[in-house]
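Here is coords-v4.pdb, consisting of PDB, C-alpha atoms and all ligand atoms:
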```pdb
MODEL        1
ATOM      1  CA  MET A   1     151.879  38.325  94.677  1.00  0.00           C
ATOM      2  CA  THR A   2     153.047  37.115  98.100  1.00  0.00           C
ATOM      3  CA  ASP A   3     153.168  33.663  99.619  1.00  0.00           C
ATOM      4  CA  THR A   4     150.658  34.701 102.227  1.00  0.00           C
ATOM      5  CA  VAL A   5     147.541  32.568 102.509  1.00  0.00           C
ATOM      6  CA  HIS A   6     144.566  33.806 104.498  1.00  0.00           C
ATOM      7  CA  VAL A   7     142.585  31.177 106.391  1.00  0.00           C
ATOM      8  CA  LEU A   8     139.254  32.813 107.192  1.00  0.00           C
ATOM      9  CA  ASN A   9     136.569  31.462 109.490  1.00  0.00           C
ATOM     10  CA  GLY A  10     132.976  32.529 109.940  1.00  0.00           C
ATOM     11  CA  PRO A  11     130.354  32.422 112.677  1.00  0.00           C
ATOM     12  CA  ASN A  12     130.338  29.930 115.541  1.00  0.00           C
ATOM     13  CA  LEU A  13     133.643  28.366 114.527  1.00  0.00           C
ATOM     14  CA  ASN A  14     135.132  29.989 117.657  1.00  0.00           C
ATOM     15  CA  LEU A  15     133.075  27.376 119.534  1.00  0.00           C
ATOM     16  CA  LEU A  16     134.750  24.378 117.911  1.00  0.00           C
ATOM     17  CA  GLY A  17     135.598  21.697 120.436  1.00  0.00           C
ATOM     18  CA  THR A  18     132.367  22.189 122.381  1.00  0.00           C
ATOM     19  CA  ARG A  19     129.977  22.916 119.488  1.00  0.00           C
ATOM     20  CA  GLU A  20     128.015  19.807 118.384  1.00  0.00           C
ATOM     21  CA  PRO A  21     131.109  17.564 118.684  1.00  0.00           C
ATOM     22  CA  GLY A  22     129.243  14.696 116.999  1.00  0.00           C
ATOM     23  CA  ILE A  23     129.239  16.798 113.821  1.00  0.00           C
ATOM     24  CA  TYR A  24     132.294  19.027 114.153  1.00  0.00           C
ATOM     25  CA  GLY A  25     134.614  16.873 116.271  1.00  0.00           C
ATOM     26  CA  ALA A  26     136.706  17.617 119.333  1.00  0.00           C
ATOM     27  CA  ALA A  27     139.354  19.866 117.789  1.00  0.00           C
ATOM     28  CA  THR A  28     139.223  23.526 118.836  1.00  0.00           C
ATOM     29  CA  LEU A  29     139.769  26.441 116.467  1.00  0.00           C
ATOM     30  CA  ALA A  30     143.210  26.835 118.075  1.00  0.00           C
ATOM     31  CA  ASP A  31     143.934  23.222 117.068  1.00  0.00           C
ATOM     32  CA  VAL A  32     142.825  23.990 113.494  1.00  0.00           C
ATOM     33  CA  GLU A  33     145.041  27.081 113.489  1.00  0.00           C
ATOM     34  CA  ALA A  34     148.051  25.050 114.692  1.00  0.00           C
ATOM     35  CA  LEU A  35     147.421  22.493 111.945  1.00  0.00           C
ATOM     36  CA  CYS A  36     147.228  25.244 109.317  1.00  0.00           C
ATOM     37  CA  ARG A  37     150.411  26.912 110.583  1.00  0.00           C
ATOM     38  CA  ALA A  38     152.302  23.594 110.483  1.00  0.00           C
ATOM     39  CA  GLU A  39     151.086  22.845 106.964  1.00  0.00           C
ATOM     40  CA  GLY A  40     151.751  26.444 105.921  1.00  0.00           C
ATOM     41  CA  GLU A  41     155.332  26.124 107.095  1.00  0.00           C
ATOM     42  CA  ALA A  42     155.765  22.900 105.140  1.00  0.00           C
ATOM     43  CA  LEU A  43     154.385  24.564 102.002  1.00  0.00           C
ATOM     44  CA  GLY A  44     156.304  27.829 102.436  1.00  0.00           C
ATOM     45  CA  PHE A  45     153.233  29.960 103.178  1.00  0.00           C
ATOM     46  CA  ASP A  46     152.817  32.723 105.718  1.00  0.00           C
ATOM     47  CA  ILE A  47     149.450  32.046 107.299  1.00  0.00           C
ATOM     48  CA  VAL A  48     147.026  34.765 108.350  1.00  0.00           C
ATOM     49  CA  PHE A  49     144.393  32.992 110.451  1.00  0.00           C
ATOM     50  CA  ARG A  50     141.213  34.863 111.419  1.00  0.00           C
ATOM     51  CA  GLN A  51     137.705  34.228 112.731  1.00  0.00           C
ATOM     52  CA  THR A  52     134.666  36.464 113.104  1.00  0.00           C
ATOM     53  CA  ASN A  53     130.994  36.032 113.862  1.00  0.00           C
ATOM     54  CA  SER A  54     130.084  39.064 111.725  1.00  0.00           C
ATOM     55  CA  GLU A  55     129.282  38.995 108.018  1.00  0.00           C
ATOM     56  CA  GLY A  56     130.672  42.495 107.393  1.00  0.00           C
ATOM     57  CA  ALA A  57     133.915  41.671 109.176  1.00  0.00           C
ATOM     58  CA  LEU A  58     134.293  38.587 107.001  1.00  0.00           C
ATOM     59  CA  VAL A  59     133.857  40.803 103.921  1.00  0.00           C
ATOM     60  CA  ASP A  60     136.620  43.043 105.324  1.00  0.00           C
ATOM     61  CA  PHE A  61     138.881  40.009 105.901  1.00  0.00           C
ATOM     62  CA  ILE A  62     138.372  38.857 102.291  1.00  0.00           C
ATOM     63  CA  GLN A  63     139.132  42.357 100.981  1.00  0.00           C
ATOM     64  CA  ALA A  64     142.273  42.462 103.146  1.00  0.00           C
ATOM     65  CA  ALA A  65     143.474  39.304 101.370  1.00  0.00           C
ATOM     66  CA  ARG A  66     143.731  41.105  98.012  1.00  0.00           C
ATOM     67  CA  GLY A  67     147.124  40.269  96.469  1.00  0.00           C
ATOM     68  CA  ALA A  68     147.620  37.144  98.607  1.00  0.00           C
ATOM     69  CA  ARG A  69     148.539  33.755  97.175  1.00  0.00           C
ATOM     70  CA  GLY A  70     145.211  32.289  98.263  1.00  0.00           C
ATOM     71  CA  ILE A  71     142.293  32.150 100.645  1.00  0.00           C
ATOM     72  CA  VAL A  72     141.011  29.091 102.508  1.00  0.00           C
ATOM     73  CA  LEU A  73     137.480  30.094 103.453  1.00  0.00           C
ATOM     74  CA  ASN A  74     135.119  28.416 105.884  1.00  0.00           C
ATOM     75  CA  ALA A  75     132.296  30.939 105.831  1.00  0.00           C
ATOM     76  CA  ALA A  76     130.194  28.596 108.007  1.00  0.00           C
ATOM     77  CA  ALA A  77     126.481  29.498 107.891  1.00  0.00           C
ATOM     78  CA  TYR A  78     127.111  32.559 105.689  1.00  0.00           C
ATOM     79  CA  THR A  79     128.062  30.091 102.947  1.00  0.00           C
ATOM     80  CA  HIS A  80     124.366  29.387 102.546  1.00  0.00           C
ATOM     81  CA  THR A  81     123.058  32.956 102.841  1.00  0.00           C
ATOM     82  CA  SER A  82     125.538  35.620 101.783  1.00  0.00           C
ATOM     83  CA  VAL A  83     125.605  37.405  98.434  1.00  0.00           C
ATOM     84  CA  ALA A  84     127.969  39.951 100.048  1.00  0.00           C
ATOM     85  CA  LEU A  85     130.611  37.287 100.681  1.00  0.00           C
ATOM     86  CA  ARG A  86     130.244  35.926  97.169  1.00  0.00           C
ATOM     87  CA  ASP A  87     130.722  39.420  95.736  1.00  0.00           C
ATOM     88  CA  ALA A  88     133.799  39.926  97.948  1.00  0.00           C
ATOM     89  CA  VAL A  89     135.369  36.664  96.732  1.00  0.00           C
ATOM     90  CA  SER A  90     134.707  37.677  93.108  1.00  0.00           C
ATOM     91  CA  ALA A  91     136.028  41.206  93.706  1.00  0.00           C
ATOM     92  CA  VAL A  92     139.438  40.296  95.144  1.00  0.00           C
ATOM     93  CA  ALA A  93     140.229  37.724  92.436  1.00  0.00           C
ATOM     94  CA  VAL A  94     142.387  35.678  94.845  1.00  0.00           C
ATOM     95  CA  PRO A  95     142.263  31.881  94.344  1.00  0.00           C
ATOM     96  CA  THR A  96     139.842  30.757  97.044  1.00  0.00           C
ATOM     97  CA  ILE A  97     139.139  27.282  98.328  1.00  0.00           C
ATOM     98  CA  GLU A  98     135.813  26.829 100.128  1.00  0.00           C
ATOM     99  CA  VAL A  99     136.189  24.393 102.996  1.00  0.00           C
ATOM    100  CA  HIS A 100     133.837  22.806 105.515  1.00  0.00           C
ATOM    101  CA  LEU A 101     134.590  20.487 108.392  1.00  0.00           C
ATOM    102  CA  SER A 102     131.405  18.504 107.904  1.00  0.00           C
ATOM    103  CA  ASN A 103     130.040  16.941 104.728  1.00  0.00           C
ATOM    104  CA  VAL A 104     127.383  19.557 104.079  1.00  0.00           C
ATOM    105  CA  PHE A 105     125.792  17.346 101.397  1.00  0.00           C
ATOM    106  CA  ALA A 106     125.055  14.649 103.971  1.00  0.00           C
ATOM    107  CA  ARG A 107     123.196  17.180 106.134  1.00  0.00           C
ATOM    108  CA  GLU A 108     120.048  19.332 105.890  1.00  0.00           C
ATOM    109  CA  ASP A 109     118.889  20.477 102.438  1.00  0.00           C
ATOM    110  CA  PHE A 110     119.562  24.150 103.219  1.00  0.00           C
ATOM    111  CA  ARG A 111     123.271  23.313 103.565  1.00  0.00           C
ATOM    112  CA  HIS A 112     123.405  21.866 100.030  1.00  0.00           C
ATOM    113  CA  HIS A 113     123.358  25.322  98.447  1.00  0.00           C
ATOM    114  CA  SER A 114     126.398  27.566  98.600  1.00  0.00           C
ATOM    115  CA  TYR A 115     126.493  31.118  97.283  1.00  0.00           C
ATOM    116  CA  LEU A 116     130.282  30.779  97.211  1.00  0.00           C
ATOM    117  CA  SER A 117     130.856  27.562  95.265  1.00  0.00           C
ATOM    118  CA  PRO A 118     130.324  29.093  91.790  1.00  0.00           C
ATOM    119  CA  VAL A 119     133.035  31.739  92.368  1.00  0.00           C
ATOM    120  CA  VAL A 120     135.736  29.710  94.186  1.00  0.00           C
ATOM    121  CA  ARG A 121     138.433  27.494  92.645  1.00  0.00           C
ATOM    122  CA  GLY A 122     137.169  24.419  94.454  1.00  0.00           C
ATOM    123  CA  VAL A 123     135.317  23.003  97.417  1.00  0.00           C
ATOM    124  CA  ILE A 124     136.538  20.569 100.090  1.00  0.00           C
ATOM    125  CA  CYS A 125     134.173  19.266 102.746  1.00  0.00           C
ATOM    126  CA  GLY A 126     133.740  16.398 105.153  1.00  0.00           C
ATOM    127  CA  PHE A 127     137.293  15.811 106.367  1.00  0.00           C
ATOM    128  CA  GLY A 128     137.189  17.706 109.659  1.00  0.00           C
ATOM    129  CA  PRO A 129     140.286  19.863 110.244  1.00  0.00           C
ATOM    130  CA  GLN A 130     141.997  18.014 107.359  1.00  0.00           C
ATOM    131  CA  SER A 131     139.680  19.941 105.012  1.00  0.00           C
ATOM    132  CA  TYR A 132     141.804  23.005 105.799  1.00  0.00           C
ATOM    133  CA  VAL A 133     145.069  21.138 105.170  1.00  0.00           C
ATOM    134  CA  LEU A 134     143.743  19.907 101.831  1.00  0.00           C
ATOM    135  CA  GLY A 135     142.680  23.468 101.017  1.00  0.00           C
ATOM    136  CA  LEU A 136     146.214  24.739 101.626  1.00  0.00           C
ATOM    137  CA  ARG A 137     147.661  21.944  99.474  1.00  0.00           C
ATOM    138  CA  ALA A 138     145.193  22.813  96.712  1.00  0.00           C
ATOM    139  CA  ILE A 139     146.451  26.409  96.706  1.00  0.00           C
ATOM    140  CA  ALA A 140     150.068  25.191  96.607  1.00  0.00           C
ATOM    141  CA  GLY A 141     149.236  23.126  93.513  1.00  0.00           C
ATOM    142  CA  LEU A 142     147.645  25.960  91.536  1.00  0.00           C
ATOM    143  CA  PRO A 143     149.683  27.603  88.789  1.00  0.00           C
ATOM    144  CA  GLN A 144     150.975  30.967  89.985  1.00  0.00           C
ATOM    145  CA  THR A 145     150.085  33.959  87.855  1.00  0.00           C
ATOM    146  CA  PRO A 146     152.764  36.714  87.823  1.00  0.00           C
TER     147      PRO A 146
HETATM  148  C1  LIG B   1     130.320  24.378 108.306  1.00  0.00           C
HETATM  149  C2  LIG B   1     129.014  23.852 107.682  1.00  0.00           C
HETATM  150  C3  LIG B   1     127.953  24.924 107.700  1.00  0.00           C
HETATM  151  O1  LIG B   1     126.738  24.426 107.135  1.00  0.00           O
HETATM  152  C4  LIG B   1     127.668  25.356 109.121  1.00  0.00           C
HETATM  153  O2  LIG B   1     126.716  26.417 109.134  1.00  0.00           O
HETATM  154  C5  LIG B   1     128.881  25.715 109.887  1.00  0.00           C
HETATM  155  C6  LIG B   1     130.105  24.935 109.687  1.00  0.00           C
HETATM  156  C7  LIG B   1     131.389  23.261 108.416  1.00  0.00           C
HETATM  157  O3  LIG B   1     132.568  23.613 108.569  1.00  0.00           O
HETATM  158  O4  LIG B   1     131.063  22.076 108.383  1.00  0.00           O
HETATM  159  O5  LIG B   1     128.856  26.582 110.755  1.00  0.00           O
HETATM  160  O6  LIG B   1     130.842  25.385 107.451  1.00  0.00           O
ENDMDL
END
```
Starting from the file, lay out its structure as structure tokens.
Amino acid sequence: MTDTVHVLNGPNLNLLGTREPGIYGAATLADVEALCRAEGEALGFDIVFRQTNSEGALVDFIQAARGARGIVLNAAAYTHTSVALRDAVSAVAVPTIEVHLSNVFAREDFRHHSYLSPVVRGVICGFGPQSYVLGLRAIAGLPQTP
């Protein structure tokens, strides 16, 4: 067990700042990363921060987090489509917090279903970049298994 927390981001989140700012806000992914690193420092976590547009690469990122203290996962659109990501989260057995910038339940019906929610420790959505901060705090508050 290390105090490393992996913050993993899925497709199109590299476009934050210019992507539908009315929904996702003005913060860039670099801004989100800076926020996570600052919060990670406050909580005593080493942060691994990654983004990919590819489903398979996201599976690889989740597998690479095996043994970490936690995962904060914004799988973006793959949340709503991917059995492979769900299986990866189950396989690594690392406490995982599903996060979303937007309130997915206030949006289209297809965003109301998540393949991930049943296998994660909890879900945080609707708070913009603060969703990530809350995800990190949630991991800090979980009992640590030896
Ligand atoms: C998102 C919500 C998803 O429905 C969407 O496909 C995204 C971003 C969010 O952070 O609000 O790409 O995960």
Applied to the shown file, which residues does the PyMOL selection byres (((not hetatm)) within 6 of (chain B and resi 1)) return, written as a ChimeraX atom specification? /A:74-77,100-102,104,111
Pick from A:Val94, A:Leu58, A:Leu43, A:Leu16 nearest to Asp31 (chain A), counting all atoms listed in the file: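 That would be A:Leu16, the residue with the smallest distance to Asp31 (chain A).
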Do you know which residues the PyMOL selection byres (((chain A and resi 123) around 7) and not hetatm) returns on this file, as a ChimeraX atom specification? /A:97-99,117,122,124-125
Find the distance between CA of Gly128 (chain A) and CA of Leu8 (chain A) and write it in Å to one decimal. 15.4 Å
Produce the centre coordinates and the three edge lengths, each in Å to one decimal, of the box along x, y and z that contains all listed atoms of region 102-121 of chain A with 3 Å added on each side, as lines of an AutoDock Vina configuration file.
```
center_x = 128.7
center_y = 23.2
center_z = 99.8
size_x = 25.5
size_y = 23.1
size_z = 22.1
```
Using the partial input, fill out region 106-126 of chain A with N, CA, C and O atoms; write the result as a short mmCIF file (atom, residue, chain, number, x, y, z; two decimals), keeping the file's coordinate frame.
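Once everything was written out, this is result11.cif:
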```
data_model
loop_
_atom_site.label_atom_id
_atom_site.label_comp_id
_atom_site.auth_asym_id
_atom_site.auth_seq_id
_atom_site.Cartn_x
_atom_site.Cartn_y
_atom_site.Cartn_z
N ALA A 106 125.67 15.73 103.20
CA ALA A 106 125.06 14.65 103.97
C ALA A 106 124.16 15.20 105.08
O ALA A 106 123.67 14.45 105.91
N ARG A 107 123.95 16.53 105.07
CA ARG A 107 123.20 17.18 106.13
C ARG A 107 121.89 17.79 105.58
O ARG A 107 121.41 17.35 104.55
N GLU A 108 121.34 18.76 106.28
CA GLU A 108 120.05 19.33 105.89
C GLU A 108 120.11 19.94 104.48
O GLU A 108 121.15 20.44 104.06
N ASP A 109 118.94 19.96 103.81
CA ASP A 109 118.89 20.48 102.44
C ASP A 109 119.44 21.91 102.33
O ASP A 109 120.09 22.25 101.34
N PHE A 110 119.15 22.74 103.34
CA PHE A 110 119.56 24.15 103.22
C PHE A 110 121.08 24.30 103.19
O PHE A 110 121.60 25.34 102.76
N ARG A 111 121.81 23.25 103.62
CA ARG A 111 123.27 23.31 103.56
C ARG A 111 123.82 22.85 102.21
O ARG A 111 125.03 22.90 101.97
N HIS A 112 122.94 22.37 101.33
CA HIS A 112 123.40 21.87 100.03
C HIS A 112 123.69 23.01 99.06
O HIS A 112 124.35 22.80 98.05
N HIS A 113 123.11 24.19 99.34
CA HIS A 113 123.36 25.32 98.45
C HIS A 113 124.41 26.24 99.04
O HIS A 113 124.34 26.61 100.22
N SER A 114 125.37 26.61 98.20
CA SER A 114 126.40 27.57 98.60
C SER A 114 126.40 28.73 97.61
O SER A 114 126.49 28.51 96.40
N TYR A 115 126.33 29.94 98.14
CA TYR A 115 126.49 31.12 97.28
C TYR A 115 127.94 31.26 96.80
O TYR A 115 128.21 31.95 95.83
N LEU A 116 128.85 30.60 97.50
CA LEU A 116 130.28 30.78 97.21
C LEU A 116 130.81 29.83 96.14
O LEU A 116 131.71 30.18 95.37
N SER A 117 130.27 28.61 96.12
CA SER A 117 130.86 27.56 95.26
C SER A 117 131.05 27.98 93.81
O SER A 117 132.09 27.63 93.22
N PRO A 118 130.11 28.74 93.20
CA PRO A 118 130.32 29.09 91.79
C PRO A 118 131.49 30.05 91.55
O PRO A 118 131.94 30.18 90.41
N VAL A 119 131.98 30.74 92.60
CA VAL A 119 133.04 31.74 92.37
C VAL A 119 134.37 31.35 93.01
O VAL A 119 135.33 32.13 92.96
N VAL A 120 134.46 30.17 93.61
CA VAL A 120 135.74 29.71 94.19
C VAL A 120 136.42 28.74 93.22
O VAL A 120 135.81 28.26 92.26
N ARG A 121 137.71 28.45 93.50
CA ARG A 121 138.43 27.49 92.64
C ARG A 121 137.99 26.07 92.89
O ARG A 121 138.05 25.21 92.00
N GLY A 122 137.60 25.77 94.14
CA GLY A 122 137.17 24.42 94.45
C GLY A 122 136.61 24.35 95.86
O GLY A 122 136.72 25.31 96.63
N VAL A 123 136.01 23.20 96.14
CA VAL A 123 135.32 23.00 97.42
C VAL A 123 135.81 21.70 98.04
O VAL A 123 135.92 20.67 97.36
N ILE A 124 136.12 21.76 99.35
CA ILE A 124 136.54 20.57 100.09
C ILE A 124 135.68 20.49 101.34
O ILE A 124 135.61 21.46 102.10
N CYS A 125 135.01 19.38 101.55
CA CYS A 125 134.17 19.27 102.75
C CYS A 125 134.16 17.83 103.25
O CYS A 125 134.38 16.89 102.49
N GLY A 126 133.98 17.71 104.57
CA GLY A 126 133.74 16.40 105.15
C GLY A 126 134.93 15.75 105.81
O GLY A 126 134.82 14.64 106.32
#
```
